[in-house]
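Read through the structure below, which is laid out as structure tokens, and then see the notes.
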2 protein chains.
Amino acid sequence: MLPLALTMGDPAGIGGELTLKSWRARDEAGLVPFFALDDPARLSALAAQMNLDVPVREITAPEEAVSLFADALPVLPVRLAANTVPGTADPRNAPAIIGSIEEAAALSLSGKAGAVVTNPINKAVLYGAGFTHPGHTEFLAALTGGDPVMMLASPLLRVVPLTIHTALSAVPGLITDALIQSKARIVHAALKRDFGIAHPRLAVAGLNPHAGEGGTMGKEDAEIIAPALAALRDEGMDIRGPLSADTMFHERARATYDAALCMYHDQALIPIKTLDFDRGVNVTLGLPILRTSPDHGTAFDIAGKGIANPASLIAALKLAGSMAAARAACS
Amino acid sequence: MLPLALTMGDPAGIGGELTLKSWRARDEAGLVPFFALDDPARLSALAAQMNLDVPVREITAPEEAVSLFADALPVLPVRLAANTVPGTADPRNAPAIIGSIEEAAALSLSGKAGAVVTNPINKAVLYGAGFTHPGHTEFLAALTGGDPVMMLASPLLRVVPLTIHTALSAVPGLITDALIQSKARIVHAALKRDFGIAHPRLAVAGLNPHAGEGGTMGKEDAEIIAPALAALRDEGMDIRGPLSADTMFHERARATYDAALCMYHDQALIPIKTLDFDRGVNVTLGLPILRTSPDHGTAFDIAGKGIANPASLIAALKLAGSMAAARAACS
């Protein structure tokens, strides 16, 4: 079994604390072995400061993590340039933050790690160090290739927003046949290969209220979405829609599909965060590597206080482990 | 205590069945007395056909309903012109359907009924009979005056969409300072007078992802919504926002407000229908009368089969009863 590569994230945020707490939850949560790409000295100091009993063990290669993991947190060293002050991003540590991600991606690409799990970063501080990507995901795509598709997953629901961080007024113009078809294909393939679902069932939300109700409330559902889905069905894909978005996320409705494709940010994120706020995991589909991350940010406001909730990182590690196992079984 | 006036709705739909089942649930659900504005003969026949033990008692004035209610379903007669075929709307019954609504509104306006609870109608069949309103709610507004505001309410959440049945592409252009302020005032007043909340707390969703995140994803949140809310706060209203819509509907977030104002249909209806699909109640605020209705349609496809779920109508009757009591206490 390949260990998972867990990045440092911004060391001024809650990432280190979450890493320590997740390792402590390894048995209870049934986590597969992971190693942190982080600074061993800072993790040891953080554990001591927070009174978390976590033996930190430096490793020199990922494979050492597997046997070590039961007894210590394996850390493949990425040294910080400066001591961190909780809640204060330090540009001197930007190269280490970036390096942790680069190494995790490289180890995953070369088959030495089963998946990459990323702790949250603060993009602003990275821009000064030459980071030119809009975000974490785009950086990983640049490092590994592929066409990234964001999924939010929890034990209750999987959602994929077709558009993400865009003004609502721009959304209708971005919904095209090509967008729907390419994202649906990536999601469908990932559900098979990485989620172990032999015959994935997709449900697609309409853009307009009641999916346009026959064109009386917007034409996009009938003119763009429906034909795109018909084309995919013609290829044999099990994909339904456009559906009235308000009635597709209650318990009985969720039982009828494996993932929901939504047209925009809030349409996808409202249901999952309403249902399962703490256990949402961000999954990047469409890359050659597997990548998950907790569904929250650096939380500078509570960094260093010992009160950060590791539920989302634990869920991210758990899901990454099961995705890596599913992919290994397929290859 | 004033009885509630329950309209017939379309007799080819599930309304009659729901009326019978709701009366049977009166003790278990703690319903206050209501009377149906319906055809006594058809309700008796429906009860017999569905093997529902419901004695139907014709009344001549609403006040008779209160003492009768424990032992029989009180019915203020509105005679049908034609026998109904389940699932098939009959234009000959349109005048009775409309008449039931008109009489319920008149009785409520004149203080003989505590609230109007409406069974679902099929608008198409009414248009042939001269019905010229876009919907049920607008018809009630025309009958009683006022500026109707739709709220969806369940025991878990109350939401108010500021725009409703409009194409998503038209939504940003409809969000104005005047719209936000007028709807917020109506909701605030109703929470006090009809929900018995002395100091209502309102939360307002942003239009764009993350409420625009400082203007990087749409300007409306900063330029229109925020100033409108600031003006309302200056008047002393407890109103927060614009908030990131995806993080405002989980359990801890919901505990911080009494009603959420949302910018459009799916933003409001996704969370409530995801959380509480069967118990959502449609409440019309802003009218001189109180009005609730179940959050579903005529369900022609299952009419006459005895399988309709009365949960939403029961919830509508329950909420109407408590709203009528709150209003009575205030006046």
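Residues are named by chain letter and number: chains run A, B, ... in the order of the structure tokens, numbers start at 1 in each chain, and ligands are numbered from 1 in the order shown.
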Please determine the contact residues of chain B with respect to chain A at a cut-off of 9 Å, counting only C-alpha atoms, and supply them as a ChimeraX atom specification.
/B:164-173,207-210,212,216-219,244-251,264-277
Could you give me the residues within segment 244-318 of chain A that DSSP places in helix (DSSP H, G or I), as an MDAnalysis selection string?
chainID A and resid 245:247 251:254 265:275 300:302 311:318
Please dump the current selection as an mmCIF file, in the first residue's frame; keep N, CA and C atoms.
data_model
loop_
_atom_site.group_PDB
_atom_site.id
_atom_site.type_symbol
_atom_site.label_atom_id
_atom_site.label_comp_id
_atom_site.auth_asym_id
_atom_site.auth_seq_id
_atom_site.Cartn_x
_atom_site.Cartn_y
_atom_site.Cartn_z
ATOM 1 N N ALA A 245 -33.366 22.045 -9.187
ATOM 2 C CA ALA A 245 -32.287 21.924 -8.194
ATOM 3 C C ALA A 245 -32.804 21.841 -6.761
ATOM 4 N N ASP A 246 -33.941 22.470 -6.499
ATOM 5 C CA ASP A 246 -34.391 22.501 -5.102
ATOM 6 C C ASP A 246 -34.865 21.143 -4.602
ATOM 7 N N THR A 247 -35.270 20.271 -5.497
ATOM 8 C CA THR A 247 -35.811 18.988 -5.039
ATOM 9 C C THR A 247 -34.857 17.823 -5.300
ATOM 10 N N GLU A 251 -33.053 13.454 1.149
ATOM 11 C CA GLU A 251 -32.504 12.106 1.324
ATOM 12 C C GLU A 251 -32.945 11.118 0.241
ATOM 13 N N ARG A 252 -34.234 11.097 -0.059
ATOM 14 C CA ARG A 252 -34.702 10.124 -1.053
ATOM 15 C C ARG A 252 -34.117 10.434 -2.432
ATOM 16 N N ALA A 253 -34.028 11.724 -2.751
ATOM 17 C CA ALA A 253 -33.483 12.107 -4.056
ATOM 18 C C ALA A 253 -32.000 11.739 -4.157
ATOM 19 N N ARG A 254 -31.262 11.961 -3.077
ATOM 20 C CA ARG A 254 -29.819 11.670 -3.121
ATOM 21 C C ARG A 254 -29.535 10.190 -3.364
ATOM 22 N N HIS A 265 -21.483 27.779 -8.094
ATOM 23 C CA HIS A 265 -20.948 27.609 -6.738
ATOM 24 C C HIS A 265 -22.011 27.319 -5.675
ATOM 25 N N ASP A 266 -22.922 28.252 -5.469
ATOM 26 C CA ASP A 266 -23.856 28.092 -4.359
ATOM 27 C C ASP A 266 -24.829 26.937 -4.579
ATOM 28 N N GLN A 267 -25.170 26.676 -5.825
ATOM 29 C CA GLN A 267 -26.093 25.569 -6.096
ATOM 30 C C GLN A 267 -25.484 24.246 -5.656
ATOM 31 N N ALA A 268 -24.177 24.129 -5.758
ATOM 32 C CA ALA A 268 -23.486 22.904 -5.345
ATOM 33 C C ALA A 268 -23.118 22.934 -3.872
ATOM 34 N N LEU A 269 -22.643 24.084 -3.411
ATOM 35 C CA LEU A 269 -22.083 24.117 -2.059
ATOM 36 C C LEU A 269 -23.134 24.297 -0.971
ATOM 37 N N ILE A 270 -24.257 24.937 -1.301
ATOM 38 C CA ILE A 270 -25.302 25.056 -0.277
ATOM 39 C C ILE A 270 -25.754 23.674 0.205
ATOM 40 N N PRO A 271 -26.129 22.754 -0.686
ATOM 41 C CA PRO A 271 -26.629 21.490 -0.130
ATOM 42 C C PRO A 271 -25.585 20.723 0.672
ATOM 43 N N ILE A 272 -24.361 20.633 0.191
ATOM 44 C CA ILE A 272 -23.397 19.809 0.931
ATOM 45 C C ILE A 272 -22.998 20.448 2.251
ATOM 46 N N LYS A 273 -22.843 21.770 2.255
ATOM 47 C CA LYS A 273 -22.451 22.411 3.518
ATOM 48 C C LYS A 273 -23.626 22.488 4.493
ATOM 49 N N THR A 274 -24.833 22.517 3.964
ATOM 50 C CA THR A 274 -26.003 22.493 4.841
ATOM 51 C C THR A 274 -26.138 21.127 5.508
ATOM 52 N N LEU A 275 -25.901 20.082 4.721
ATOM 53 C CA LEU A 275 -26.079 18.717 5.232
ATOM 54 C C LEU A 275 -24.937 18.259 6.116
ATOM 55 N N PHE A 300 -6.444 31.600 10.009
ATOM 56 C CA PHE A 300 -5.442 32.357 10.773
ATOM 57 C C PHE A 300 -5.997 32.850 12.117
ATOM 58 N N ASP A 301 -7.306 33.116 12.141
ATOM 59 C CA ASP A 301 -7.890 33.676 13.366
ATOM 60 C C ASP A 301 -7.834 32.722 14.560
ATOM 61 N N ILE A 302 -7.780 31.414 14.294
ATOM 62 C CA ILE A 302 -7.723 30.481 15.431
ATOM 63 C C ILE A 302 -6.419 29.675 15.438
ATOM 64 N N ALA A 311 -11.870 17.484 11.617
ATOM 65 C CA ALA A 311 -12.820 16.574 10.954
ATOM 66 C C ALA A 311 -12.663 16.581 9.435
ATOM 67 N N SER A 312 -12.499 17.754 8.840
ATOM 68 C CA SER A 312 -12.444 17.813 7.381
ATOM 69 C C SER A 312 -11.120 17.237 6.863
ATOM 70 N N LEU A 313 -9.994 17.501 7.545
ATOM 71 C CA LEU A 313 -8.727 16.899 7.091
ATOM 72 C C LEU A 313 -8.761 15.385 7.284
ATOM 73 N N ILE A 314 -9.326 14.933 8.385
ATOM 74 C CA ILE A 314 -9.450 13.486 8.591
ATOM 75 C C ILE A 314 -10.300 12.874 7.472
ATOM 76 N N ALA A 315 -11.412 13.548 7.147
ATOM 77 C CA ALA A 315 -12.265 13.047 6.055
ATOM 78 C C ALA A 315 -11.500 13.063 4.732
ATOM 79 N N ALA A 316 -10.668 14.086 4.526
ATOM 80 C CA ALA A 316 -9.875 14.177 3.294
ATOM 81 C C ALA A 316 -8.857 13.037 3.219
ATOM 82 N N LEU A 317 -8.225 12.721 4.348
ATOM 83 C CA LEU A 317 -7.251 11.617 4.382
ATOM 84 C C LEU A 317 -7.960 10.271 4.174
ATOM 85 N N LYS A 318 -9.119 10.143 4.772
ATOM 86 C CA LYS A 318 -9.878 8.897 4.653
ATOM 87 C C LYS A 318 -10.297 8.679 3.199
#
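Straight-line separation from atom CA of Thr118 of chain A to atom CA of Thr7 of chain A: 4.9 Å.
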Separation of atom CA of Ile97 of chain A and atom CA of Asn51 of chain A, in Å?
24.8 Å
As a VMD selection string, which residues of segment 25-153 of chain B does DSSP assign to strand (DSSP E or B)?
chain B and resid 34 to 38 56 to 58 73 to 77 85 88 116 to 117 149 to 153
If you keep N, CA, C and O atoms, can you produce a file of those selected residues as a PDB file, in the first residue's frame?
ATOM      1  N   PHE B  34     -60.267  23.658  12.050  1.00  0.00           N
ATOM      2  CA  PHE B  34     -60.360  24.248  10.713  1.00  0.00           C
ATOM      3  C   PHE B  34     -61.635  23.748  10.060  1.00  0.00           C
ATOM      4  O   PHE B  34     -62.233  22.757  10.504  1.00  0.00           O
ATOM      5  N   PHE B  35     -62.061  24.450   9.029  1.00  0.00           N
ATOM      6  CA  PHE B  35     -63.181  23.969   8.215  1.00  0.00           C
ATOM      7  C   PHE B  35     -62.755  24.019   6.760  1.00  0.00           C
ATOM      8  O   PHE B  35     -61.943  24.846   6.351  1.00  0.00           O
ATOM      9  N   ALA B  36     -63.315  23.070   5.992  1.00  0.00           N
ATOM     10  CA  ALA B  36     -63.014  23.030   4.566  1.00  0.00           C
ATOM     11  C   ALA B  36     -64.059  23.819   3.801  1.00  0.00           C
ATOM     12  O   ALA B  36     -65.257  23.738   4.100  1.00  0.00           O
ATOM     13  N   LEU B  37     -63.597  24.596   2.811  1.00  0.00           N
ATOM     14  CA  LEU B  37     -64.513  25.250   1.864  1.00  0.00           C
ATOM     15  C   LEU B  37     -64.543  24.338   0.655  1.00  0.00           C
ATOM     16  O   LEU B  37     -63.734  24.469  -0.274  1.00  0.00           O
ATOM     17  N   ASP B  38     -65.456  23.388   0.671  1.00  0.00           N
ATOM     18  CA  ASP B  38     -65.371  22.281  -0.274  1.00  0.00           C
ATOM     19  C   ASP B  38     -66.771  21.705  -0.471  1.00  0.00           C
ATOM     20  O   ASP B  38     -67.738  22.162   0.140  1.00  0.00           O
ATOM     21  N   VAL B  56     -68.187  13.739   7.740  1.00  0.00           N
ATOM     22  CA  VAL B  56     -68.204  15.080   7.151  1.00  0.00           C
ATOM     23  C   VAL B  56     -69.467  15.789   7.624  1.00  0.00           C
ATOM     24  O   VAL B  56     -70.570  15.246   7.523  1.00  0.00           O
ATOM     25  N   ARG B  57     -69.333  16.995   8.186  1.00  0.00           N
ATOM     26  CA  ARG B  57     -70.496  17.715   8.700  1.00  0.00           C
ATOM     27  C   ARG B  57     -70.603  19.081   8.027  1.00  0.00           C
ATOM     28  O   ARG B  57     -69.693  19.912   8.119  1.00  0.00           O
ATOM     29  N   GLU B  58     -71.699  19.299   7.354  1.00  0.00           N
ATOM     30  CA  GLU B  58     -71.928  20.578   6.685  1.00  0.00           C
ATOM     31  C   GLU B  58     -72.221  21.660   7.723  1.00  0.00           C
ATOM     32  O   GLU B  58     -72.982  21.435   8.656  1.00  0.00           O
ATOM     33  N   LEU B  73     -65.387  16.507  10.411  1.00  0.00           N
ATOM     34  CA  LEU B  73     -64.751  17.509   9.565  1.00  0.00           C
ATOM     35  C   LEU B  73     -65.811  18.526   9.158  1.00  0.00           C
ATOM     36  O   LEU B  73     -66.734  18.200   8.394  1.00  0.00           O
ATOM     37  N   PRO B  74     -65.690  19.763   9.647  1.00  0.00           N
ATOM     38  CA  PRO B  74     -66.689  20.774   9.272  1.00  0.00           C
ATOM     39  C   PRO B  74     -66.449  21.258   7.841  1.00  0.00           C
ATOM     40  O   PRO B  74     -65.309  21.548   7.469  1.00  0.00           O
ATOM     41  N   VAL B  75     -67.521  21.350   7.069  1.00  0.00           N
ATOM     42  CA  VAL B  75     -67.392  21.773   5.672  1.00  0.00           C
ATOM     43  C   VAL B  75     -68.403  22.869   5.376  1.00  0.00           C
ATOM     44  O   VAL B  75     -69.613  22.668   5.517  1.00  0.00           O
ATOM     45  N   LEU B  76     -67.891  24.021   4.972  1.00  0.00           N
ATOM     46  CA  LEU B  76     -68.746  25.113   4.506  1.00  0.00           C
ATOM     47  C   LEU B  76     -68.895  24.887   3.000  1.00  0.00           C
ATOM     48  O   LEU B  76     -67.910  24.943   2.268  1.00  0.00           O
ATOM     49  N   PRO B  77     -70.109  24.627   2.545  1.00  0.00           N
ATOM     50  CA  PRO B  77     -70.247  24.059   1.192  1.00  0.00           C
ATOM     51  C   PRO B  77     -69.865  25.005   0.051  1.00  0.00           C
ATOM     52  O   PRO B  77     -70.266  26.172   0.030  1.00  0.00           O
ATOM     53  N   VAL B  85     -62.791  13.510 -11.886  1.00  0.00           N
ATOM     54  CA  VAL B  85     -62.002  12.329 -12.244  1.00  0.00           C
ATOM     55  C   VAL B  85     -60.593  12.600 -11.736  1.00  0.00           C
ATOM     56  O   VAL B  85     -59.971  13.583 -12.153  1.00  0.00           O
ATOM     57  N   THR B  88     -57.614  14.494 -13.673  1.00  0.00           N
ATOM     58  CA  THR B  88     -58.079  15.196 -14.875  1.00  0.00           C
ATOM     59  C   THR B  88     -58.796  16.479 -14.477  1.00  0.00           C
ATOM     60  O   THR B  88     -59.905  16.442 -13.943  1.00  0.00           O
ATOM     61  N   VAL B 116     -56.110  31.669   6.228  1.00  0.00           N
ATOM     62  CA  VAL B 116     -56.466  30.888   5.051  1.00  0.00           C
ATOM     63  C   VAL B 116     -55.356  29.870   4.804  1.00  0.00           C
ATOM     64  O   VAL B 116     -54.174  30.230   4.789  1.00  0.00           O
ATOM     65  N   VAL B 117     -55.758  28.623   4.636  1.00  0.00           N
ATOM     66  CA  VAL B 117     -54.810  27.577   4.239  1.00  0.00           C
ATOM     67  C   VAL B 117     -55.302  27.050   2.901  1.00  0.00           C
ATOM     68  O   VAL B 117     -56.470  26.672   2.772  1.00  0.00           O
ATOM     69  N   VAL B 149     -45.190  38.555   0.121  1.00  0.00           N
ATOM     70  CA  VAL B 149     -43.803  38.086   0.201  1.00  0.00           C
ATOM     71  C   VAL B 149     -43.854  36.609   0.564  1.00  0.00           C
ATOM     72  O   VAL B 149     -44.471  36.231   1.552  1.00  0.00           O
ATOM     73  N   MET B 150     -43.219  35.792  -0.264  1.00  0.00           N
ATOM     74  CA  MET B 150     -43.252  34.352  -0.014  1.00  0.00           C
ATOM     75  C   MET B 150     -42.172  33.932   0.971  1.00  0.00           C
ATOM     76  O   MET B 150     -41.002  34.256   0.790  1.00  0.00           O
ATOM     77  N   MET B 151     -42.582  33.204   1.987  1.00  0.00           N
ATOM     78  CA  MET B 151     -41.630  32.574   2.906  1.00  0.00           C
ATOM     79  C   MET B 151     -41.851  31.066   2.845  1.00  0.00           C
ATOM     80  O   MET B 151     -42.986  30.602   2.735  1.00  0.00           O
ATOM     81  N   LEU B 152     -40.774  30.310   2.891  1.00  0.00           N
ATOM     82  CA  LEU B 152     -40.873  28.871   3.101  1.00  0.00           C
ATOM     83  C   LEU B 152     -40.429  28.614   4.533  1.00  0.00           C
ATOM     84  O   LEU B 152     -39.350  29.081   4.927  1.00  0.00           O
ATOM     85  N   ALA B 153     -41.246  27.907   5.269  1.00  0.00           N
ATOM     86  CA  ALA B 153     -40.942  27.703   6.688  1.00  0.00           C
ATOM     87  C   ALA B 153     -41.033  26.234   7.042  1.00  0.00           C
ATOM     88  O   ALA B 153     -41.931  25.527   6.587  1.00  0.00           O
TER      89      ALA B 153
END
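Residue neighbourhood of segment 256-258 of chain B, excluding near-sequence residues (fewer than 3 positions): Leu157, Arg158, Val159, His188, Leu191, Phe195, Ile197, His199, Pro200, Arg201, Leu202, Ala203, Val204, Asp238, Ile239, Arg240, Met248, Glu251, Arg252 and Ala253 of chain B, at 10 Å, using only C-alpha atoms.
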Grab the residues selected above and save them as an mmCIF file, in the first residue's frame with C-alpha atoms.
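File written: again_31.cif
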data_model
loop_
_atom_site.group_PDB
_atom_site.id
_atom_site.type_symbol
_atom_site.label_atom_id
_atom_site.label_comp_id
_atom_site.auth_asym_id
_atom_site.auth_seq_id
_atom_site.Cartn_x
_atom_site.Cartn_y
_atom_site.Cartn_z
ATOM 1 C CA LEU B 157 -35.438 26.991 8.814
ATOM 2 C CA ARG B 158 -37.343 29.981 7.446
ATOM 3 C CA VAL B 159 -36.280 31.373 4.070
ATOM 4 C CA HIS B 188 -39.331 41.697 10.065
ATOM 5 C CA LEU B 191 -41.782 37.714 12.461
ATOM 6 C CA PHE B 195 -44.419 34.484 14.679
ATOM 7 C CA ILE B 197 -40.580 36.879 17.920
ATOM 8 C CA HIS B 199 -36.605 40.879 18.401
ATOM 9 C CA PRO B 200 -36.316 39.193 15.009
ATOM 10 C CA ARG B 201 -32.839 38.442 13.673
ATOM 11 C CA LEU B 202 -32.490 38.423 9.899
ATOM 12 C CA ALA B 203 -29.620 36.980 7.883
ATOM 13 C CA VAL B 204 -29.178 37.914 4.225
ATOM 14 C CA ASP B 238 -31.060 43.218 13.560
ATOM 15 C CA ILE B 239 -29.997 42.175 10.067
ATOM 16 C CA ARG B 240 -26.670 40.644 8.999
ATOM 17 C CA MET B 248 -25.306 29.998 6.350
ATOM 18 C CA GLU B 251 -27.141 23.777 12.070
ATOM 19 C CA ARG B 252 -24.885 26.135 14.021
ATOM 20 C CA ALA B 253 -25.397 28.917 11.496
#
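As for atom CA of Met1 of chain A and atom CA of Arg26 of chain A, they are spaced 15.7 Å apart.
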Residues within 7 Å of Leu287 of chain B, please, as a PyMOL selection string. Count only C-alpha atoms; anything in the same chain fewer than 2 positions from it doesn't count.
chain B and resi 141+144-148+285+289-290
Atoms kept (C-alpha atoms) for selection, written as a JSON list (two decimals), in the first residue's frame:
[["chain", "number", "residue", "atom", "x", "y", "z"],
["B", 141, "ALA", "CA", -53.22, 39.71, -2.91],
["B", 144, "THR", "CA", -57.19, 41.33, 0.08],
["B", 145, "GLY", "CA", -54.62, 43.99, -0.80],
["B", 146, "GLY", "CA", -51.03, 44.10, 0.37],
["B", 147, "ASP", "CA", -47.64, 43.30, -1.01],
["B", 148, "PRO", "CA", -47.15, 39.53, -0.86],
["B", 285, "LEU", "CA", -46.40, 37.45, 4.35],
["B", 289, "ILE", "CA", -54.76, 38.10, 6.15],
["B", 290, "LEU", "CA", -52.64, 35.13, 7.19]]
Using only C-alpha atoms, determine which residues lie at most 7 Å from Ala324 of chain A, disregarding the query and same-chain residues fewer than 5 positions distant; provide the list as a PyMOL selection string.
chain A and resi 114-115+194
Limited to N, CA and C atoms, could you put the picked residues into a file as an mmCIF file, in the first residue's frame?
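Output (selection.cif):
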data_model
loop_
_atom_site.group_PDB
_atom_site.id
_atom_site.type_symbol
_atom_site.label_atom_id
_atom_site.label_comp_id
_atom_site.auth_asym_id
_atom_site.auth_seq_id
_atom_site.Cartn_x
_atom_site.Cartn_y
_atom_site.Cartn_z
ATOM 1 N N GLY A 114 0.356 7.477 -2.725
ATOM 2 C CA GLY A 114 -0.925 7.056 -3.295
ATOM 3 C C GLY A 114 -1.817 8.214 -3.683
ATOM 4 N N ALA A 115 -1.656 9.331 -2.994
ATOM 5 C CA ALA A 115 -2.470 10.511 -3.267
ATOM 6 C C ALA A 115 -1.830 11.697 -2.565
ATOM 7 N N ASP A 194 -11.843 5.885 -9.440
ATOM 8 C CA ASP A 194 -11.333 6.311 -8.135
ATOM 9 C C ASP A 194 -12.337 6.123 -6.992
#
